[in-house]
>>> print(open('final.csv').read())   # CSV, C-alpha atoms and all ligand atoms
chain,number,residue,atom,x,y,z
A,12,THR,CA,0.0,0.0,0.0
A,13,THR,CA,1.2,3.5,-0.8
A,14,ARG,CA,0.1,6.1,1.7
A,15,HIS,CA,-0.6,9.7,0.9
A,16,ARG,CA,-1.4,12.5,3.4
A,17,ILE,CA,-3.6,15.1,1.8
A,18,ALA,CA,-4.4,18.5,3.3
A,19,LEU,CA,-8.1,19.4,2.7
A,20,ILE,CA,-9.2,23.0,2.7
A,21,PRO,CA,-12.9,22.9,1.7
A,22,GLY,CA,-13.2,26.7,2.2
A,23,ASP,CA,-16.5,28.4,1.6
A,24,GLY,CA,-19.8,27.9,-0.3
A,25,ILE,CA,-19.8,25.1,-2.8
A,26,GLY,CA,-16.1,24.4,-1.9
A,27,THR,CA,-17.5,22.4,1.0
A,28,GLU,CA,-19.9,20.5,-1.3
A,29,VAL,CA,-17.5,19.5,-4.1
A,30,LEU,CA,-14.5,18.2,-2.0
A,31,PRO,CA,-16.3,15.2,-0.4
A,32,PRO,CA,-17.1,13.9,-3.9
A,33,ALA,CA,-13.5,14.3,-4.9
A,34,CYS,CA,-12.4,12.4,-1.8
A,35,ALA,CA,-15.0,9.6,-2.3
A,36,VAL,CA,-13.6,9.1,-5.8
A,37,LEU,CA,-10.0,9.1,-4.5
A,38,ASP,CA,-10.9,6.5,-1.9
A,39,ALA,CA,-12.7,4.3,-4.5
A,40,VAL,CA,-9.9,4.4,-7.0
A,41,GLY,CA,-7.4,4.0,-4.2
A,42,ARG,CA,-8.9,0.7,-3.1
A,43,ARG,CA,-8.3,-0.6,-6.6
A,44,HIS,CA,-4.7,0.6,-6.8
A,45,GLY,CA,-3.4,0.0,-3.3
A,46,LEU,CA,-3.5,3.7,-2.4
A,47,ASP,CA,-4.4,4.8,1.0
A,48,PHE,CA,-5.3,8.5,1.5
A,49,THR,CA,-5.3,10.2,4.9
A,50,TYR,CA,-7.1,13.5,4.9
A,51,ASP,CA,-6.4,16.3,7.4
A,52,THR,CA,-9.2,18.9,7.1
A,53,PHE,CA,-8.6,22.6,7.8
A,54,ASP,CA,-11.5,24.9,8.5
A,55,TRP,CA,-9.7,27.9,6.9
A,56,SER,CA,-12.5,30.0,5.4
A,57,CYS,CA,-14.4,33.2,5.5
A,58,GLN,CA,-16.4,31.8,8.4
A,59,ARG,CA,-13.2,31.4,10.3
A,60,TYR,CA,-12.2,35.0,9.4
A,61,VAL,CA,-15.5,36.3,10.8
A,62,THR,CA,-15.2,34.4,14.1
A,63,GLU,CA,-11.4,34.4,14.6
A,64,GLY,CA,-10.2,37.4,12.6
A,65,ALA,CA,-8.0,35.5,10.1
A,66,MET,CA,-8.5,33.1,7.3
A,67,MET,CA,-6.0,30.7,8.7
A,68,PRO,CA,-4.1,30.6,12.0
A,69,GLU,CA,-0.6,32.1,12.5
A,70,GLY,CA,1.9,29.6,11.1
A,71,GLY,CA,-0.9,27.9,9.2
A,72,LEU,CA,1.2,27.1,6.2
A,73,ASP,CA,3.6,25.1,8.4
A,74,ARG,CA,0.8,22.7,9.2
A,75,ILE,CA,0.3,21.7,5.5
A,76,ARG,CA,3.9,22.1,4.4
A,77,HIS,CA,4.7,18.4,4.7
A,78,HIS,CA,1.5,17.0,3.2
A,79,ASP,CA,1.9,15.2,-0.1
A,80,ALA,CA,-0.7,17.6,-1.7
A,81,VAL,CA,-3.3,20.2,-0.9
A,82,LEU,CA,-6.9,19.8,-2.2
A,83,LEU,CA,-8.9,23.1,-2.0
A,84,GLY,CA,-12.6,23.7,-2.7
A,85,ALA,CA,-12.9,27.5,-3.0
A,86,VAL,CA,-12.6,30.5,-0.8
A,87,GLY,CA,-14.6,33.7,-0.7
A,88,TRP,CA,-17.9,34.8,0.7
A,89,PRO,CA,-19.9,38.0,0.4
A,90,THR,CA,-19.4,38.9,4.1
A,91,VAL,CA,-15.6,39.3,3.6
A,92,PRO,CA,-14.0,41.5,0.9
A,93,ASP,CA,-12.5,39.2,-1.7
A,94,HIS,CA,-9.0,40.6,-1.6
A,95,VAL,CA,-9.0,40.0,2.1
A,96,SER,CA,-10.1,36.3,1.9
A,97,LEU,CA,-7.9,35.5,-1.1
A,98,TRP,CA,-4.8,37.3,0.1
A,99,GLY,CA,-5.3,35.7,3.5
A,100,LEU,CA,-5.3,32.1,2.2
A,101,LEU,CA,-5.1,31.1,-1.5
A,102,ILE,CA,-2.5,33.5,-2.7
A,103,PRO,CA,-0.1,32.9,0.2
A,104,ILE,CA,-0.3,29.2,-0.4
A,105,ARG,CA,0.6,29.6,-4.1
A,106,ARG,CA,3.5,31.9,-3.3
A,107,GLN,CA,5.0,30.4,-0.3
A,108,PHE,CA,4.9,26.9,-1.8
A,109,GLN,CA,6.3,28.3,-5.1
A,110,GLN,CA,3.4,26.8,-7.1
A,111,TYR,CA,4.4,29.0,-10.0
A,112,VAL,CA,2.6,26.9,-12.6
A,113,ASN,CA,-1.2,26.9,-12.8
A,114,LEU,CA,-2.1,24.2,-15.2
A,115,ARG,CA,-5.7,24.3,-16.5
A,116,PRO,CA,-6.7,21.7,-19.1
A,117,ILE,CA,-9.7,22.2,-21.3
A,118,LYS,CA,-11.5,19.4,-23.1
A,119,VAL,CA,-14.9,19.2,-24.7
A,120,LEU,CA,-16.2,15.9,-23.2
A,121,ASP,CA,-18.8,13.7,-24.9
A,122,GLY,CA,-22.2,14.5,-23.7
A,123,VAL,CA,-21.4,18.0,-22.6
A,124,PRO,CA,-22.9,20.4,-25.0
A,125,SER,CA,-20.7,23.4,-25.7
A,126,PRO,CA,-22.8,26.5,-25.4
A,127,VAL,CA,-20.7,27.9,-28.2
A,128,ALA,CA,-22.3,27.1,-31.6
A,129,ARG,CA,-19.1,26.7,-33.7
A,130,ALA,CA,-17.2,24.7,-31.2
A,131,THR,CA,-15.9,21.4,-32.6
A,132,PRO,CA,-15.7,18.1,-30.7
A,133,ASP,CA,-11.9,17.8,-30.7
A,134,VAL,CA,-11.3,20.7,-28.3
A,135,ASP,CA,-8.3,19.7,-26.1
A,136,PHE,CA,-5.9,22.3,-24.9
A,137,VAL,CA,-4.2,23.5,-21.8
A,138,VAL,CA,-3.8,27.0,-20.3
A,139,VAL,CA,-0.5,27.4,-18.6
A,140,ARG,CA,-1.0,30.3,-16.2
A,141,GLU,CA,1.9,32.1,-14.4
A,142,ASN,CA,0.8,31.8,-10.8
A,143,VAL,CA,2.9,33.8,-8.5
A,144,GLU,CA,3.8,37.2,-10.0
A,145,GLY,CA,2.7,39.5,-12.9
A,146,GLU,CA,-0.4,41.6,-12.3
A,147,TYR,CA,-1.1,40.1,-8.9
A,148,SER,CA,1.3,42.2,-6.9
A,149,GLU,CA,1.2,44.0,-3.6
A,150,ILE,CA,3.2,46.9,-4.9
A,151,GLY,CA,1.2,50.0,-5.2
A,152,GLY,CA,-1.2,52.0,-3.1
A,153,ARG,CA,-4.0,54.4,-2.7
A,154,LEU,CA,-3.2,58.1,-2.7
A,155,ASN,CA,-5.0,61.3,-2.0
A,156,ARG,CA,-8.1,59.6,-0.5
A,157,GLY,CA,-11.1,61.8,-0.5
A,158,PHE,CA,-9.6,64.4,-2.9
A,159,PRO,CA,-10.4,65.0,-6.5
A,160,THR,CA,-6.8,63.8,-7.2
A,161,GLU,CA,-7.5,60.4,-5.6
A,162,MET,CA,-5.8,57.5,-7.3
A,163,ALA,CA,-4.9,53.9,-7.1
A,164,VAL,CA,-1.6,52.6,-8.5
A,165,GLN,CA,-0.8,48.9,-8.9
A,166,GLU,CA,2.5,47.6,-10.3
A,167,ALA,CA,2.8,44.4,-12.3
A,168,ILE,CA,6.1,42.5,-11.7
A,169,PHE,CA,7.6,40.3,-14.4
A,170,THR,CA,11.0,38.9,-13.5
A,171,ARG,CA,13.2,37.2,-16.0
A,172,GLN,CA,13.5,34.1,-13.7
A,173,GLY,CA,9.7,34.0,-13.1
A,174,THR,CA,8.9,34.4,-16.7
A,175,GLU,CA,11.5,32.0,-18.1
A,176,ARG,CA,10.4,29.2,-15.8
A,177,ILE,CA,6.8,29.4,-16.7
A,178,LEU,CA,7.6,29.6,-20.4
A,179,ASP,CA,10.0,26.6,-20.2
A,180,TYR,CA,7.3,24.7,-18.5
A,181,ALA,CA,4.7,25.6,-21.2
A,182,PHE,CA,7.1,24.7,-24.0
A,183,ALA,CA,8.0,21.4,-22.4
A,184,ILE,CA,4.3,20.5,-22.1
A,185,ALA,CA,3.8,21.5,-25.8
A,186,ARG,CA,6.6,19.2,-26.8
A,187,THR,CA,4.7,16.2,-25.2
A,188,ARG,CA,1.5,17.3,-26.9
A,189,ARG,CA,0.9,18.6,-30.5
A,190,GLY,CA,3.9,20.9,-30.3
A,191,GLU,CA,2.0,24.1,-30.8
A,192,LEU,CA,2.2,27.0,-28.4
A,193,VAL,CA,0.5,30.4,-28.3
A,194,SER,CA,1.7,33.1,-26.0
A,195,ALA,CA,-1.0,35.6,-24.9
A,196,THR,CA,0.2,39.1,-24.4
A,197,LYS,CA,-1.0,42.7,-25.0
A,198,SER,CA,2.2,44.2,-26.2
A,199,ASN,CA,0.5,46.8,-28.3
A,200,GLY,CA,-1.0,48.3,-25.2
A,201,ILE,CA,1.2,47.4,-22.2
A,202,VAL,CA,4.6,48.7,-23.2
A,203,HIS,CA,7.1,47.5,-20.6
A,204,THR,CA,6.1,44.1,-19.2
A,205,MET,CA,4.5,42.5,-22.2
A,206,PRO,CA,7.2,43.2,-24.8
A,207,PHE,CA,9.7,41.8,-22.2
A,208,TRP,CA,7.5,38.6,-22.0
A,209,ASP,CA,7.5,38.4,-25.8
A,210,GLU,CA,11.3,38.7,-25.9
A,211,LEU,CA,11.6,35.9,-23.4
A,212,VAL,CA,9.1,33.8,-25.5
A,213,ARG,CA,11.5,34.2,-28.5
A,214,GLU,CA,14.4,33.0,-26.4
A,215,ALA,CA,12.4,30.1,-25.0
A,216,GLY,CA,11.3,29.2,-28.5
A,217,ALA,CA,14.9,28.9,-29.5
A,218,ARG,CA,15.5,26.4,-26.6
A,219,PHE,CA,12.6,24.3,-27.9
A,220,PRO,CA,13.0,24.0,-31.7
A,221,GLU,CA,10.5,21.2,-31.9
A,222,VAL,CA,7.7,23.5,-30.8
A,223,SER,CA,6.1,25.9,-33.2
A,224,TRP,CA,5.0,29.0,-31.4
A,225,ARG,CA,3.3,32.3,-32.0
A,226,GLN,CA,2.4,35.4,-30.1
A,227,GLU,CA,-1.2,36.6,-30.1
A,228,HIS,CA,-2.8,39.6,-28.5
A,229,ILE,CA,-5.1,38.5,-25.8
A,230,ASP,CA,-8.1,40.5,-27.1
A,231,ALA,CA,-8.0,38.8,-30.5
A,232,LEU,CA,-7.0,35.5,-28.9
A,233,VAL,CA,-10.1,35.3,-26.7
A,234,ALA,CA,-12.4,35.7,-29.7
A,235,LYS,CA,-10.6,32.8,-31.5
A,236,VAL,CA,-10.9,30.7,-28.4
A,237,VAL,CA,-14.7,31.2,-28.4
A,238,LEU,CA,-15.1,30.7,-32.2
A,239,ASP,CA,-12.6,28.0,-32.9
A,240,PRO,CA,-11.2,26.4,-29.8
A,241,SER,CA,-10.0,23.3,-31.5
A,242,ARG,CA,-7.0,25.1,-33.0
A,243,PHE,CA,-5.3,25.5,-29.7
A,244,ASP,CA,-2.8,23.1,-28.0
A,245,VAL,CA,-1.0,25.1,-25.3
A,246,ILE,CA,-1.7,28.7,-24.3
A,247,VAL,CA,0.8,30.3,-22.0
A,248,ALA,CA,-0.3,33.5,-20.2
A,249,SER,CA,0.5,35.8,-17.4
A,250,ASN,CA,-1.3,35.5,-14.0
A,251,LEU,CA,-4.2,37.8,-14.8
A,252,PHE,CA,-4.6,36.9,-18.5
A,253,GLY,CA,-4.4,33.2,-17.6
A,254,ASP,CA,-7.1,33.7,-15.0
A,255,ILE,CA,-9.5,35.3,-17.4
A,256,LEU,CA,-8.7,33.0,-20.2
A,257,SER,CA,-9.3,29.8,-18.1
A,258,ASP,CA,-12.8,30.7,-17.1
A,259,LEU,CA,-13.6,31.7,-20.6
A,260,ALA,CA,-12.1,28.5,-22.0
A,261,ALA,CA,-14.0,26.4,-19.3
A,262,ALA,CA,-17.3,28.0,-20.3
A,263,VAL,CA,-16.5,27.2,-24.0
A,264,ALA,CA,-16.0,23.6,-23.0
A,265,GLY,CA,-19.4,23.5,-21.3
A,266,SER,CA,-19.3,25.1,-17.8
A,267,ILE,CA,-16.9,26.6,-15.4
A,268,GLY,CA,-18.1,23.9,-13.0
A,269,ILE,CA,-16.1,21.3,-15.0
A,270,ALA,CA,-12.6,22.9,-15.1
A,271,PRO,CA,-9.8,21.7,-12.9
A,272,ALA,CA,-6.6,23.5,-11.9
A,273,ALA,CA,-3.2,22.2,-10.7
A,274,ASN,CA,-1.1,24.7,-8.8
A,275,LEU,CA,2.2,23.0,-9.3
A,276,ASN,CA,5.5,23.3,-7.6
A,277,PRO,CA,7.6,21.6,-10.3
A,278,GLU,CA,10.7,21.4,-8.1
A,279,ARG,CA,8.6,19.4,-5.6
A,280,ASP,CA,10.2,21.1,-2.6
A,281,HIS,CA,6.7,22.0,-1.4
A,282,PRO,CA,3.3,20.5,-1.9
A,283,SER,CA,1.3,21.3,-5.0
A,284,MET,CA,-2.4,22.3,-4.7
A,285,PHE,CA,-5.4,21.1,-6.7
A,286,GLU,CA,-8.5,23.2,-6.8
A,287,PRO,CA,-11.3,23.7,-9.3
A,288,VAL,CA,-11.2,26.8,-11.4
A,289,HIS,CA,-14.6,27.9,-10.2
A,290,GLY,CA,-15.2,29.8,-6.9
A,291,SER,CA,-17.5,29.4,-4.0
A,292,ALA,CA,-20.7,30.2,-6.0
A,293,PRO,CA,-22.7,31.9,-3.3
A,294,ASP,CA,-25.7,32.0,-5.6
A,295,ILE,CA,-26.1,28.2,-5.6
A,296,ALA,CA,-24.4,27.3,-2.3
A,297,GLY,CA,-26.3,25.0,0.1
A,298,GLN,CA,-28.6,23.5,-2.6
A,299,GLY,CA,-26.6,20.4,-3.3
A,300,SER,CA,-26.7,21.2,-6.9
A,301,ALA,CA,-23.1,22.2,-7.7
A,302,ASN,CA,-21.2,20.3,-10.3
A,303,PRO,CA,-18.5,18.4,-8.5
A,304,LEU,CA,-16.7,17.5,-11.8
A,305,GLY,CA,-14.1,20.2,-11.5
A,306,ALA,CA,-13.1,18.9,-8.1
A,307,ILE,CA,-13.2,15.3,-9.3
A,308,TRP,CA,-11.0,16.2,-12.3
A,309,CYS,CA,-8.7,17.8,-9.8
A,310,ALA,CA,-8.4,14.5,-7.9
A,311,SER,CA,-7.4,12.9,-11.2
A,312,MET,CA,-4.7,15.5,-11.8
A,313,MET,CA,-3.5,15.0,-8.2
A,314,LEU,CA,-3.2,11.3,-8.8
A,315,ASP,CA,-1.1,11.9,-11.8
A,316,HIS,CA,1.1,14.3,-9.9
A,317,LEU,CA,1.5,11.8,-7.1
A,318,GLY,CA,2.8,9.2,-9.6
A,319,HIS,CA,-0.4,7.2,-10.2
A,320,PRO,CA,-1.2,7.8,-13.9
A,321,GLU,CA,-3.3,4.7,-14.3
A,322,ALA,CA,-5.5,5.7,-11.4
A,323,ALA,CA,-5.7,9.2,-12.8
A,324,THR,CA,-6.9,7.8,-16.2
A,325,GLU,CA,-9.4,5.6,-14.5
A,326,VAL,CA,-11.0,8.6,-12.8
A,327,PHE,CA,-11.0,10.6,-16.0
A,328,ASP,CA,-12.6,7.7,-17.9
A,329,ALA,CA,-15.2,7.2,-15.2
A,330,PHE,CA,-16.4,10.8,-15.2
A,331,ALA,CA,-16.1,11.1,-19.0
A,332,SER,CA,-18.2,7.9,-19.6
A,333,THR,CA,-20.7,9.0,-16.9
A,334,LEU,CA,-21.3,12.2,-18.8
A,335,ALA,CA,-21.5,10.4,-22.2
A,336,THR,CA,-24.0,7.8,-21.3
A,337,ALA,CA,-26.2,8.5,-18.3
A,338,ASP,CA,-28.6,11.4,-17.7
A,339,ALA,CA,-26.0,12.6,-15.2
A,340,ARG,CA,-25.7,16.2,-16.0
A,341,THR,CA,-25.9,18.8,-13.2
A,342,ALA,CA,-27.9,22.0,-13.7
A,343,ASP,CA,-25.0,24.0,-15.0
A,344,LEU,CA,-24.9,21.5,-17.9
A,345,GLY,CA,-28.6,21.7,-18.5
A,346,GLY,CA,-29.4,18.6,-16.5
A,347,THR,CA,-31.2,17.8,-13.3
A,348,ALA,CA,-28.7,15.6,-11.4
A,349,THR,CA,-27.7,16.7,-8.0
A,350,THR,CA,-24.1,16.8,-6.8
A,351,LYS,CA,-24.6,13.5,-5.0
A,352,GLU,CA,-26.4,11.8,-7.9
A,353,PHE,CA,-23.6,12.7,-10.3
A,354,THR,CA,-20.9,11.6,-7.8
A,355,ASP,CA,-22.7,8.2,-7.2
A,356,LEU,CA,-22.8,7.6,-11.0
A,357,VAL,CA,-19.1,8.3,-11.2
A,358,LEU,CA,-18.4,6.0,-8.3
A,359,GLN,CA,-20.5,3.3,-10.0
A,360,ALA,CA,-18.5,3.8,-13.3
A,361,LEU,CA,-15.3,3.4,-11.4
A,362,THR,CA,-16.2,0.1,-9.8
A,363,ARG,CA,-17.6,-1.2,-13.1
A,364,HIS,CA,-14.2,-0.7,-14.7
B,1,LIG,P1,-17.9,31.5,-9.1
B,1,LIG,O1,-17.0,30.6,-9.9
B,1,LIG,O2,-18.0,31.2,-7.7
B,1,LIG,O3,-19.3,31.6,-9.8
B,1,LIG,C1,-19.6,32.0,-11.1
B,1,LIG,C2,-20.9,31.4,-11.6
B,1,LIG,O4,-20.6,30.0,-12.0
B,1,LIG,C3,-22.0,31.4,-10.6
B,1,LIG,O5,-23.2,31.6,-11.3
B,1,LIG,C4,-22.0,30.0,-10.1
B,1,LIG,O6,-23.2,29.5,-9.6
B,1,LIG,C5,-21.5,29.2,-11.3
B,1,LIG,N1,-20.7,28.0,-10.9
B,1,LIG,C6,-19.4,28.0,-10.4
B,1,LIG,N2,-19.0,26.8,-10.1
B,1,LIG,C7,-20.0,26.0,-10.3
B,1,LIG,C8,-20.2,24.6,-10.2
B,1,LIG,N3,-19.2,23.8,-9.7
B,1,LIG,N4,-21.4,24.0,-10.5
B,1,LIG,C9,-22.4,24.8,-11.0
B,1,LIG,N5,-22.3,26.2,-11.2
B,1,LIG,C10,-21.1,26.7,-10.8
B,1,LIG,O7,-17.2,33.0,-9.4
B,1,LIG,P2,-17.6,34.3,-8.6
B,1,LIG,O8,-19.0,34.5,-8.4
B,1,LIG,O9,-16.8,35.4,-9.4
B,1,LIG,O10,-16.9,34.2,-7.2
B,1,LIG,C11,-17.6,33.8,-6.0
B,1,LIG,C12,-16.6,33.8,-4.9
B,1,LIG,O11,-15.6,32.8,-5.1
B,1,LIG,C13,-15.8,35.2,-4.7
B,1,LIG,O12,-15.6,35.4,-3.4
B,1,LIG,C14,-14.5,34.9,-5.4
B,1,LIG,O13,-13.4,35.7,-5.0
B,1,LIG,C15,-14.3,33.4,-5.0
B,1,LIG,N6,-13.4,32.6,-5.9
B,1,LIG,C16,-12.6,31.8,-5.3
B,1,LIG,C17,-11.8,30.9,-6.1
B,1,LIG,C18,-10.9,30.0,-5.4
B,1,LIG,O14,-10.9,29.9,-4.1
B,1,LIG,N7,-10.1,29.2,-6.0
B,1,LIG,C19,-11.8,30.9,-7.4
B,1,LIG,C20,-12.7,31.9,-8.1
B,1,LIG,C21,-13.5,32.7,-7.3
B,2,LIG,C1,-8.7,31.5,-9.6
B,2,LIG,C2,-9.4,32.6,-8.8
B,2,LIG,C3,-8.3,33.4,-8.0
B,2,LIG,C4,-7.3,33.9,-8.9
B,2,LIG,C5,-9.0,34.5,-7.2
B,2,LIG,C6,-10.1,34.0,-6.4
B,2,LIG,C7,-7.9,35.3,-6.4
B,2,LIG,O1,-10.1,33.4,-9.7
B,2,LIG,O2,-8.1,30.6,-8.9
B,2,LIG,O3,-8.8,31.4,-10.8
B,2,LIG,O4,-7.5,34.9,-9.6
B,2,LIG,O5,-6.2,33.3,-9.0
B,3,MN,MN,-10.2,32.6,-11.7
>>> encode(input="final.csv", output="structure tokens")
Amino acid sequence: TTRHRIALIPGDGIGTEVLPPACAVLDAVGRRHGLDFTYDTFDWSCQRYVTEGAMMPEGGLDRIRHHDAVLLGAVGWPTVPDHVSLWGLLIPIRRQFQQYVNLRPIKVLDGVPSPVARATPDVDFVVVRENVEGEYSEIGGRLNRGFPTEMAVQEAIFTRQGTERILDYAFAIARTRRGELVSATKSNGIVHTMPFWDELVREAGARFPEVSWRQEHIDALVAKVVLDPSRFDVIVASNLFGDILSDLAAAVAGSIGIAPAANLNPERDHPSMFEPVHGSAPDIAGQGSANPLGAIWCASMMLDHLGHPEAATEVFDAFASTLATADARTADLGGTATTKEFTDLVLQALTRH
């Protein structure tokens, strides 16, 4: 038996509804592959913030530093400003654990209608999002509060090291796929950081002669992703652009409830974190209707990361076949299945294997 210790942070809203399905799937596939998961659950959330004054306790990250991986639902709730909840939990985890790759695969799955008319069935690409720097920076401030000259300034930080490592990661992934990479920038409008990124893409391209790459402006690129998503293989983007692009791409593939994300620490000197792309969805929280597929797909990515590719594929095949055959769709996909009904069908598909 191989044992893994997983830190669970359900968080807020539907985060708490989609993690139990992911764990049930991990346990079920684990039984078939000799994997034993131990979960330590942390109540770090907006609710904790309201009662204790902090999203997580002092030294919180030291409590999850030695786990094999972190599985997170979602954080954020209307009673706490979003920048407070996210900078109090999610963003520190990504940064302190150097999870500088945010890998977000997009696939149109059988049985999931793409709401985009011209989408073709062979949509299969991955957004590689820079995850620790760029536009998400603490540098800046508010000046002249209350005066007509009031202003807010926010710096974007693109380091050579931080950019090169995400580009190298993206090119390396492209080499194992169809060998096509698109870099998303806005170098016609943002004159310092984005041309620098483009320059580093050219350099990285020279290191990966097998990969054919091109630069596209993010505004034109998003339109192409909507109209013709099957032309993409790997899209690499900065923190903010990758964030926006991944919700857009997830919706093109059916629903943002489907999309998984792996916050990877490629050096493996800290745990990586797996979390669905979606948030806490306060509008549907508590109804038992959330789509748990994003979280279940995260479990599959986590299995892969932990060195169990066959188990990962089994989970993928189980949810893909569930969507394709049964009337298993949750409300976001136009169906009537509840979170639990969908999860049970995936569990059945797993054991049928
Ligand atoms: P959201 O992803 O929570 O919701 C957007 C829309 O998609 C809503 O209509 C919601 O009902 C729907 N949706 C999302 N996930 C779904 C699922 N699994 N099944 C069915 N429908 C689903 O985005 P938002 O409304 O912008 O953010 C809500 C809160 O979540 C905010 O506080 C935000 O900061 C936070 N957030 C957290 C994370 C995270 O922790 N990783 C990610 C994104 C947003
Ligand atoms: C995501 C989320 C977060 C991000 C927010 C909640 C800070 O949107 O994981 O995609 O922008 O990284
Ligand atoms: Mn996002």
>>> residues_near_ligand(input="final.csv", ligand="ligand LIG 2 (chain B)", cutoff="9 Å", atoms="all atoms listed in the file", output="MDAnalysis selection string")
chainID A and resid 85:87 93:94 96:98 101:102 113 142 147 250:251 253:255 257:258 272 286:290
>>> closest_residue(input="final.csv", among="A:Ala335, A:Val326, A:Ile177, A:Ala348", to="ligand LIG 1 (chain B)", atoms="all atoms listed in the file")
A:Ala348
>>> closest_residue(input="final.csv", among="A:Ile75, A:Val119, A:Leu82, A:Ile246", to="Leu37 of chain A", atoms="all atoms listed in the file")
A:Leu82
>>> atom_distance(input="final.csv", atom1="atom CA of Thr90 of chain A", atom2="atom CA of Pro68 of chain A")
19.1 Å
>>> residues_near_ligand(input="final.csv", ligand="ligand LIG 1 (chain B)", cutoff="9 Å", atoms="all atoms listed in the file", output="PyMOL selection string")
chain A and resi 22-26+29+83-89+91-94+96-97+100-101+258+266-270+272+286-296+300-306+341-344+350
>>> write_last_selection(input="final.csv", atoms="C-alpha atoms", output="PDB file, keeping the file's coordinate frame")
ATOM      1  CA  GLY A  22     -13.200  26.700   2.200  1.00  0.00           C
ATOM      2  CA  ASP A  23     -16.500  28.400   1.600  1.00  0.00           C
ATOM      3  CA  GLY A  24     -19.800  27.900  -0.300  1.00  0.00           C
ATOM      4  CA  ILE A  25     -19.800  25.100  -2.800  1.00  0.00           C
ATOM      5  CA  GLY A  26     -16.100  24.400  -1.900  1.00  0.00           C
ATOM      6  CA  VAL A  29     -17.500  19.500  -4.100  1.00  0.00           C
ATOM      7  CA  LEU A  83      -8.900  23.100  -2.000  1.00  0.00           C
ATOM      8  CA  GLY A  84     -12.600  23.700  -2.700  1.00  0.00           C
ATOM      9  CA  ALA A  85     -12.900  27.500  -3.000  1.00  0.00           C
ATOM     10  CA  VAL A  86     -12.600  30.500  -0.800  1.00  0.00           C
ATOM     11  CA  GLY A  87     -14.600  33.700  -0.700  1.00  0.00           C
ATOM     12  CA  TRP A  88     -17.900  34.800   0.700  1.00  0.00           C
ATOM     13  CA  PRO A  89     -19.900  38.000   0.400  1.00  0.00           C
ATOM     14  CA  VAL A  91     -15.600  39.300   3.600  1.00  0.00           C
ATOM     15  CA  PRO A  92     -14.000  41.500   0.900  1.00  0.00           C
ATOM     16  CA  ASP A  93     -12.500  39.200  -1.700  1.00  0.00           C
ATOM     17  CA  HIS A  94      -9.000  40.600  -1.600  1.00  0.00           C
ATOM     18  CA  SER A  96     -10.100  36.300   1.900  1.00  0.00           C
ATOM     19  CA  LEU A  97      -7.900  35.500  -1.100  1.00  0.00           C
ATOM     20  CA  LEU A 100      -5.300  32.100   2.200  1.00  0.00           C
ATOM     21  CA  LEU A 101      -5.100  31.100  -1.500  1.00  0.00           C
ATOM     22  CA  ASP A 258     -12.800  30.700 -17.100  1.00  0.00           C
ATOM     23  CA  SER A 266     -19.300  25.100 -17.800  1.00  0.00           C
ATOM     24  CA  ILE A 267     -16.900  26.600 -15.400  1.00  0.00           C
ATOM     25  CA  GLY A 268     -18.100  23.900 -13.000  1.00  0.00           C
ATOM     26  CA  ILE A 269     -16.100  21.300 -15.000  1.00  0.00           C
ATOM     27  CA  ALA A 270     -12.600  22.900 -15.100  1.00  0.00           C
ATOM     28  CA  ALA A 272      -6.600  23.500 -11.900  1.00  0.00           C
ATOM     29  CA  GLU A 286      -8.500  23.200  -6.800  1.00  0.00           C
ATOM     30  CA  PRO A 287     -11.300  23.700  -9.300  1.00  0.00           C
ATOM     31  CA  VAL A 288     -11.200  26.800 -11.400  1.00  0.00           C
ATOM     32  CA  HIS A 289     -14.600  27.900 -10.200  1.00  0.00           C
ATOM     33  CA  GLY A 290     -15.200  29.800  -6.900  1.00  0.00           C
ATOM     34  CA  SER A 291     -17.500  29.400  -4.000  1.00  0.00           C
ATOM     35  CA  ALA A 292     -20.700  30.200  -6.000  1.00  0.00           C
ATOM     36  CA  PRO A 293     -22.700  31.900  -3.300  1.00  0.00           C
ATOM     37  CA  ASP A 294     -25.700  32.000  -5.600  1.00  0.00           C
ATOM     38  CA  ILE A 295     -26.100  28.200  -5.600  1.00  0.00           C
ATOM     39  CA  ALA A 296     -24.400  27.300  -2.300  1.00  0.00           C
ATOM     40  CA  SER A 300     -26.700  21.200  -6.900  1.00  0.00           C
ATOM     41  CA  ALA A 301     -23.100  22.200  -7.700  1.00  0.00           C
ATOM     42  CA  ASN A 302     -21.200  20.300 -10.300  1.00  0.00           C
ATOM     43  CA  PRO A 303     -18.500  18.400  -8.500  1.00  0.00           C
ATOM     44  CA  LEU A 304     -16.700  17.500 -11.800  1.00  0.00           C
ATOM     45  CA  GLY A 305     -14.100  20.200 -11.500  1.00  0.00           C
ATOM     46  CA  ALA A 306     -13.100  18.900  -8.100  1.00  0.00           C
ATOM     47  CA  THR A 341     -25.900  18.800 -13.200  1.00  0.00           C
ATOM     48  CA  ALA A 342     -27.900  22.000 -13.700  1.00  0.00           C
ATOM     49  CA  ASP A 343     -25.000  24.000 -15.000  1.00  0.00           C
ATOM     50  CA  LEU A 344     -24.900  21.500 -17.900  1.00  0.00           C
ATOM     51  CA  THR A 350     -24.100  16.800  -6.800  1.00  0.00           C
TER      52      THR A 350
END
>>> closest_residue(input="final.csv", among="A:Glu146, A:Glu141, A:Asp209, A:Asp47", to="Ala181 of chain A", atoms="all atoms listed in the file")
A:Glu141
>>> atom_distance(input="final.csv", atom1="atom CA of Ala39 of chain A", atom2="atom CA of Thr362 of chain A")
7.6 Å
>>> residues_around(input="final.csv", residues="segment 133-140 of chain A", least_positions_apart="2", cutoff="6 Å", atoms="only C-alpha atoms", output="PyMOL selection string")
chain A and resi 113-119+131+142+240-241+243-250+253
